[in-house]
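run-v3.pdb follows (PDB, C-alpha atoms):
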MODEL        1
ATOM      1  CA  MET V   3     -73.073 209.935 -64.970
ATOM      2  CA  SER V   4     -72.632 207.886 -61.868
ATOM      3  CA  ASN V   5     -69.685 208.126 -59.490
ATOM      4  CA  ASP V   6     -69.645 204.340 -59.140
ATOM      5  CA  VAL V   7     -66.525 202.631 -60.479
ATOM      6  CA  PRO V   8     -67.440 200.171 -63.239
ATOM      7  CA  GLU V   9     -66.681 196.512 -62.515
ATOM      8  CA  SER V  10     -64.294 196.305 -65.443
ATOM      9  CA  ALA V  11     -62.169 199.195 -64.201
ATOM     10  CA  PRO V  12     -58.497 198.380 -63.668
ATOM     11  CA  ALA V  13     -57.236 197.887 -60.124
ATOM     12  CA  SER V  14     -55.727 200.838 -58.371
ATOM     13  CA  PRO V  15     -52.014 201.418 -58.981
ATOM     14  CA  ARG V  16     -51.301 200.568 -55.332
ATOM     15  CA  ALA V  17     -53.045 197.151 -55.605
ATOM     16  CA  SER V  18     -51.307 196.388 -58.890
ATOM     17  CA  ARG V  19     -47.924 197.242 -57.415
ATOM     18  CA  ARG V  20     -48.605 195.019 -54.411
ATOM     19  CA  ALA V  21     -49.608 192.101 -56.634
ATOM     20  CA  LEU V  22     -46.438 192.522 -58.679
ATOM     21  CA  MET V  23     -44.316 192.607 -55.522
ATOM     22  CA  LEU V  24     -45.945 189.441 -54.197
ATOM     23  CA  GLY V  25     -45.435 187.698 -57.519
ATOM     24  CA  ALA V  26     -41.804 188.755 -57.643
ATOM     25  CA  ALA V  27     -41.246 187.621 -54.054
ATOM     26  CA  SER V  28     -42.816 184.230 -54.797
ATOM     27  CA  ALA V  29     -40.720 183.744 -57.901
ATOM     28  CA  SER V  30     -37.505 184.671 -56.117
ATOM     29  CA  ALA V  31     -38.388 182.317 -53.256
ATOM     30  CA  ILE V  32     -38.781 179.433 -55.681
ATOM     31  CA  VAL V  33     -35.509 180.279 -57.399
ATOM     32  CA  SER V  34     -33.634 180.486 -54.087
ATOM     33  CA  ILE V  35     -35.179 177.391 -52.467
ATOM     34  CA  ARG V  36     -34.234 174.961 -55.224
ATOM     35  CA  PRO V  37     -30.466 175.544 -54.941
ATOM     36  CA  ALA V  38     -30.775 175.382 -51.153
ATOM     37  CA  LEU V  39     -32.467 171.974 -51.395
ATOM     38  CA  ALA V  40     -29.805 170.752 -53.786
ATOM     39  CA  GLN V  41     -27.109 172.008 -51.414
ATOM     40  CA  THR V  42     -28.825 170.261 -48.482
ATOM     41  CA  SER V  43     -28.936 166.971 -50.393
ATOM     42  CA  ALA V  44     -25.253 167.300 -51.221
ATOM     43  CA  SER V  45     -24.335 168.074 -47.620
ATOM     44  CA  ILE V  46     -26.320 165.081 -46.382
ATOM     45  CA  THR V  47     -24.317 162.711 -48.557
ATOM     46  CA  GLN V  48     -21.099 164.331 -47.281
ATOM     47  CA  CYS V  49     -21.851 164.056 -43.552
ATOM     48  CA  GLU V  50     -20.058 161.383 -41.547
ATOM     49  CA  ILE V  51     -20.942 158.961 -38.777
ATOM     50  CA  PRO V  52     -18.174 157.934 -36.368
ATOM     51  CA  VAL V  53     -18.333 154.376 -34.996
ATOM     52  CA  PRO V  54     -18.389 154.712 -32.037
ATOM     53  CA  ASP V  55     -18.819 158.401 -31.322
ATOM     54  CA  PRO V  56     -15.712 160.151 -29.925
ATOM     55  CA  GLY V  57     -17.129 160.157 -26.391
ATOM     56  CA  ARG V  58     -17.011 156.355 -26.389
ATOM     57  CA  ALA V  59     -13.785 155.821 -28.293
ATOM     58  CA  GLY V  60     -12.029 152.660 -27.210
ATOM     59  CA  SER V  61     -15.225 150.637 -26.805
ATOM     60  CA  TYR V  62     -15.833 147.629 -29.020
ATOM     61  CA  ILE V  63     -19.043 147.040 -30.954
ATOM     62  CA  ALA V  64     -21.001 143.853 -30.270
ATOM     63  CA  ALA V  65     -22.905 142.087 -33.061
ATOM     64  CA  ASP V  66     -26.176 143.686 -31.889
ATOM     65  CA  GLY V  67     -24.628 147.170 -32.116
ATOM     66  CA  SER V  68     -24.215 147.740 -28.403
ATOM     67  CA  LEU V  69     -20.970 149.079 -27.003
ATOM     68  CA  VAL V  70     -18.941 146.712 -24.846
ATOM     69  CA  PRO V  71     -15.535 146.944 -23.136
ATOM     70  CA  ALA V  72     -12.481 146.559 -25.362
ATOM     71  CA  GLY V  73     -11.413 142.958 -25.826
ATOM     72  CA  THR V  74     -14.904 141.467 -25.303
ATOM     73  CA  ALA V  75     -15.131 138.115 -27.095
ATOM     74  CA  GLY V  76     -17.202 138.248 -30.285
ATOM     75  CA  ALA V  77     -17.131 142.059 -30.418
ATOM     76  CA  PHE V  78     -15.359 144.139 -33.034
ATOM     77  CA  PRO V  79     -12.824 146.913 -32.534
ATOM     78  CA  PRO V  80     -13.875 150.317 -33.865
ATOM     79  CA  PRO V  81     -13.038 150.882 -37.543
ATOM     80  CA  GLY V  82     -10.877 153.934 -36.854
ATOM     81  CA  VAL V  83     -12.676 156.022 -39.484
ATOM     82  CA  ALA V  84     -16.012 157.808 -39.683
ATOM     83  CA  TYR V  85     -18.256 156.473 -42.421
ATOM     84  CA  LYS V  86     -19.714 158.761 -45.071
ATOM     85  CA  ALA V  87     -23.497 158.907 -45.287
ATOM     86  CA  GLU V  88     -23.552 157.382 -48.772
ATOM     87  CA  ASP V  89     -21.554 154.358 -47.515
ATOM     88  CA  VAL V  90     -23.883 153.949 -44.535
ATOM     89  CA  LYS V  91     -26.949 154.202 -46.776
ATOM     90  CA  ARG V  92     -25.552 151.500 -49.049
ATOM     91  CA  ALA V  93     -24.788 149.261 -46.042
ATOM     92  CA  LEU V  94     -28.269 149.793 -44.577
ATOM     93  CA  ASN V  95     -29.676 148.603 -47.889
ATOM     94  CA  GLY V  96     -27.788 145.295 -47.755
ATOM     95  CA  GLY V  97     -24.246 146.237 -48.763
ATOM     96  CA  THR V  98     -21.175 146.351 -46.556
ATOM     97  CA  LEU V  99     -19.245 149.293 -45.170
ATOM     98  CA  PRO V 100     -15.870 150.041 -46.785
ATOM     99  CA  GLY V 101     -13.050 147.983 -45.309
ATOM    100  CA  ALA V 102     -15.383 145.757 -43.267
ATOM    101  CA  ASP V 103     -16.393 142.155 -43.815
ATOM    102  CA  TYR V 104     -20.065 141.163 -43.619
ATOM    103  CA  GLU V 105     -20.206 140.417 -39.857
ATOM    104  CA  ARG V 106     -18.259 143.523 -38.864
ATOM    105  CA  SER V 107     -20.354 145.678 -41.201
ATOM    106  CA  ARG V 108     -23.573 144.295 -39.653
ATOM    107  CA  ALA V 109     -22.328 145.131 -36.150
ATOM    108  CA  TYR V 110     -21.381 148.672 -37.204
ATOM    109  CA  THR V 111     -24.712 149.280 -38.979
ATOM    110  CA  ASN V 112     -26.546 147.912 -35.926
ATOM    111  CA  TYR V 113     -24.629 150.455 -33.829
ATOM    112  CA  ILE V 114     -25.624 153.220 -36.260
ATOM    113  CA  ARG V 115     -29.297 152.176 -36.114
ATOM    114  CA  ARG V 116     -29.158 152.526 -32.316
ATOM    115  CA  LEU V 117     -27.834 156.101 -32.385
ATOM    116  CA  GLN V 118     -29.818 158.492 -30.229
ATOM    117  CA  SER V 119     -30.228 162.248 -30.238
ATOM    118  CA  GLY V 120     -27.157 163.914 -28.772
ATOM    119  CA  THR V 121     -24.812 161.213 -30.032
ATOM    120  CA  SER V 122     -22.238 162.174 -32.640
ATOM    121  CA  GLY V 123     -23.498 161.046 -36.056
ATOM    122  CA  PHE V 124     -27.173 160.979 -35.058
ATOM    123  CA  THR V 125     -28.161 163.976 -37.197
ATOM    124  CA  CYS V 126     -26.412 162.501 -40.203
ATOM    125  CA  PHE V 127     -28.133 159.135 -39.682
ATOM    126  CA  ALA V 128     -31.520 160.825 -39.160
ATOM    127  CA  SER V 129     -31.103 162.718 -42.417
ATOM    128  CA  LEU V 130     -30.659 159.403 -44.236
ATOM    129  CA  GLN V 131     -34.046 158.295 -42.945
ATOM    130  CA  MET V 132     -35.900 161.275 -44.417
ATOM    131  CA  PRO V 133     -37.566 160.712 -47.778
ATOM    132  CA  ARG V 134     -36.240 162.722 -50.696
ATOM    133  CA  ALA V 135     -38.495 164.629 -53.071
TER
ENDMDL
END

Any chance you could give the structure as structure tokens?
Amino acid sequence: MSNDVPESAPASPRASRRALMLGAASASAIVSIRPALAQTSASITQCEIPVPDPGRAGSYIAADGSLVPAGTAGAFPPPGVAYKAEDVKRALNGGTLPGADYERSRAYTNYIRRLQSGTSGFTCFASLQMPRA
């Protein structure tokens, strides 16, 4: 008899245990990631975008989305509410923001499109731009 282990011999108990642990870890990761993704999607639709951000409250919004001094001719006063992501998404796709006529809604969405990192509402707006799986 030879001391060689035949090729069809079962794996050592240690290797089998490790494979089972890896499989269990992978399965639990899949189970825990799916609810997290669903929760992320829900939180994205619940985030809000203030127009303008609180640091610039009192400014009016010009038709091109830039901020101008209050009372500037042709500019719109701020809406006084932050818009929910789902409302902004609808407006960016051709609809209007709640409580705003077409021209005012265009000015507000132009402002939102111009948001930059560090501005209140930017993260919410950026999350709307990410494709969903």

Shell around Gly82 of chain V at 8 Å using all atoms listed in the file, local window under 2 positions removed, as number ranges by chain = V: 53, 80, 84

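With only C-alpha atoms as the atoms that count, the residue of V:Glu50, V:Leu130, V:Asp66, V:Asp55 with the shortest distance to Asn95 of chain V is V:Leu130.
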
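Considering the residues V:Phe78, V:Ala87, V:Gly101, V:Arg58 and counting only C-alpha atoms, Thr125 of chain V has its shortest atom-to-atom contact with V:Ala87.
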
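Of the residues under consideration (V:Ser107, V:Ala77, V:Val83, V:Leu94), V:Ala77 shows the shortest atom-to-atom contact distance to Ile63 of chain V when counting all atoms listed in the file.
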
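Atom CA of Arg92 of chain V is positioned 20.8 Å from atom CA of Ala64 of chain V.
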
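Atom CA of Lys91 of chain V is positioned 28.0 Å from atom CA of Ala75 of chain V.
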
task = Just say which residues the PyMOL selection byres ((chain V and resi 110) around 10) picks in this file, as an MDAnalysis selection string.
result = chainID V and resid 52:54 62:68 78:81 85 90 93 98:99 102 104:109 111:116

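Straight-line separation from atom CA of Ser119 of chain V to atom CA of Lys86 of chain V: 18.5 Å.
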
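If you measure from each of V:Cys126, V:Gln131, V:Val70, V:Thr121 to Pro56 of chain V using all atoms listed in the file, the closest one turns out to be V:Thr121.
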